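Here is the structure we will look at.
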Amino acid sequence: MFTAITHSQIYVLDQDEALDFYVGKLGLEVGADVDLGFMRWLTVSVPGHPERQILLEKPGPPAMSEDTARQVRELVTKGAMGGSLILSTDDCRKTYETLLSRGVEFTEEPTDRPYGIDCGLRDPFGNSIRLTQPKD
């Protein structure tokens, strides 16, 4: 039946700020940046892996009414939307240091876990991001 998950979506409040964070700071690459008229289709992916895209969607019409979009924006701001990403890395501690030098603020330093090493941060909109170095 299905062969892949190609796109996942998280809400962002400002797509230009999202580009600065996800591309400029985290080092992801733009997959698509298309003005569809009724919305901006903006995706990013891990460099060299365009088969898995993250849609950075701004809450609003046509997907939802302006009233609902306002409520969603409030929930995103509170970090209550449940938007979450887990990105894997070969060296969690080195990636942590690199991102710190780029001004990324972390909620949790690299920590040894049963499954590997990981750390946590939030994007500028409140979405949770985990960086994980899986055990070999």
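In the structure tokens, each chain is lettered A, B, ... as it comes, each chain's residues begin at 1, and ligands are numbered from 1 in order of appearance.
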
**Study point:** Spatial neighbours of range 39-44 of chain A, 12 Å, only C-alpha atoms, chain gap at least 2 places, as a ChimeraX atom specification
**Key:** /A:6-12,14-24,26-37,46-64

Write the residues you've just listed into a file as a CSV table (one decimal), in the first residue's frame, and include C-alpha atoms for each of them.
chain,number,residue,atom,x,y,z
A,6,THR,CA,7.1,12.3,2.4
A,7,HIS,CA,5.9,15.3,4.3
A,8,SER,CA,5.2,16.2,7.9
A,9,GLN,CA,3.8,19.5,9.1
A,10,ILE,CA,4.4,21.9,12.0
A,11,TYR,CA,2.9,25.3,12.6
A,12,VAL,CA,5.1,28.4,12.5
A,14,ASP,CA,6.4,33.7,10.6
A,15,GLN,CA,7.7,31.7,7.6
A,16,ASP,CA,10.6,34.1,7.0
A,17,GLU,CA,11.7,33.7,10.6
A,18,ALA,CA,11.2,29.9,10.3
A,19,LEU,CA,13.6,29.9,7.2
A,20,ASP,CA,16.2,31.9,9.2
A,21,PHE,CA,16.0,29.3,12.0
A,22,TYR,CA,15.6,26.0,10.2
A,23,VAL,CA,18.0,26.9,7.3
A,24,GLY,CA,20.2,29.6,8.7
A,26,LEU,CA,19.9,24.4,12.0
A,27,GLY,CA,21.4,23.9,8.6
A,28,LEU,CA,18.4,22.3,6.9
A,29,GLU,CA,17.8,23.1,3.2
A,30,VAL,CA,14.8,24.5,1.4
A,31,GLY,CA,12.8,21.9,-0.4
A,32,ALA,CA,10.2,24.2,-1.8
A,33,ASP,CA,9.2,27.8,-1.4
A,34,VAL,CA,6.2,28.4,-3.6
A,35,ASP,CA,3.5,31.2,-3.4
A,36,LEU,CA,0.3,29.4,-4.2
A,37,GLY,CA,-1.7,32.6,-3.9
A,46,VAL,CA,18.0,17.4,5.9
A,47,PRO,CA,20.6,18.2,3.2
A,48,GLY,CA,20.8,15.4,0.7
A,49,HIS,CA,17.5,13.9,1.8
A,50,PRO,CA,14.7,15.6,-0.1
A,51,GLU,CA,12.5,12.5,0.2
A,52,ARG,CA,11.4,13.6,3.7
A,53,GLN,CA,10.1,17.2,3.9
A,54,ILE,CA,8.9,19.3,6.8
A,55,LEU,CA,6.1,21.8,5.9
A,56,LEU,CA,6.5,25.0,7.8
A,57,GLU,CA,2.9,26.1,7.7
A,58,LYS,CA,1.4,29.4,8.9
A,59,PRO,CA,-2.0,28.9,10.5
A,60,GLY,CA,-4.7,30.5,8.5
A,61,PRO,CA,-7.1,30.2,5.6
A,62,PRO,CA,-7.9,28.3,3.5
A,63,ALA,CA,-7.2,25.4,5.9
A,64,MET,CA,-8.9,27.1,8.8

Check your understanding: Quick one: residues within 12 Å of range 104-110 of chain A, only C-alpha atoms counted, chain neighbours fewer than 4 positions away excluded, as a PyMOL selection string?
Key -> chain A and resi 20-22+24-27+89+91-100+116-124+126-133

Point to revise | DSSP helix (DSSP H, G or I) selection over range 1-135 of chain A, as JSON, numbers by chain | key: {"A": [15, 16, 17, 18, 19, 20, 21, 22, 23, 24, 25, 66, 67, 68, 69, 70, 71, 72, 73, 74, 75, 76, 77, 92, 93, 94, 95, 96, 97, 98, 99, 100, 101]}

Review point. So which one's closest to Asp112 in chain A, A:Leu13, A:Phe125, A:Asp90, A:Lys135? Using only C-alpha atoms, please.
Key: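 Counting only C-alpha atoms, the residue closest to Asp112 in chain A is A:Lys135.
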
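Picture a line from CA of Pro134 in chain A to CA of Thr111 in chain A; it runs 11.9 Å.
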
Review point. Running DSSP on the backbone, which parts of range 33-94 of chain A land in strand (DSSP E or B), as a list in words?
Key: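 Of range 33-94 of chain A, only Asp33, Val34, Asp35, Arg40, Trp41, Leu42, Thr43, Val44, Ser45, Gln53, Ile54, Leu55, Leu56, Glu57, Ser84, Leu85, Ile86, Leu87 and Ser88 of chain A fall in strand (DSSP E or B).
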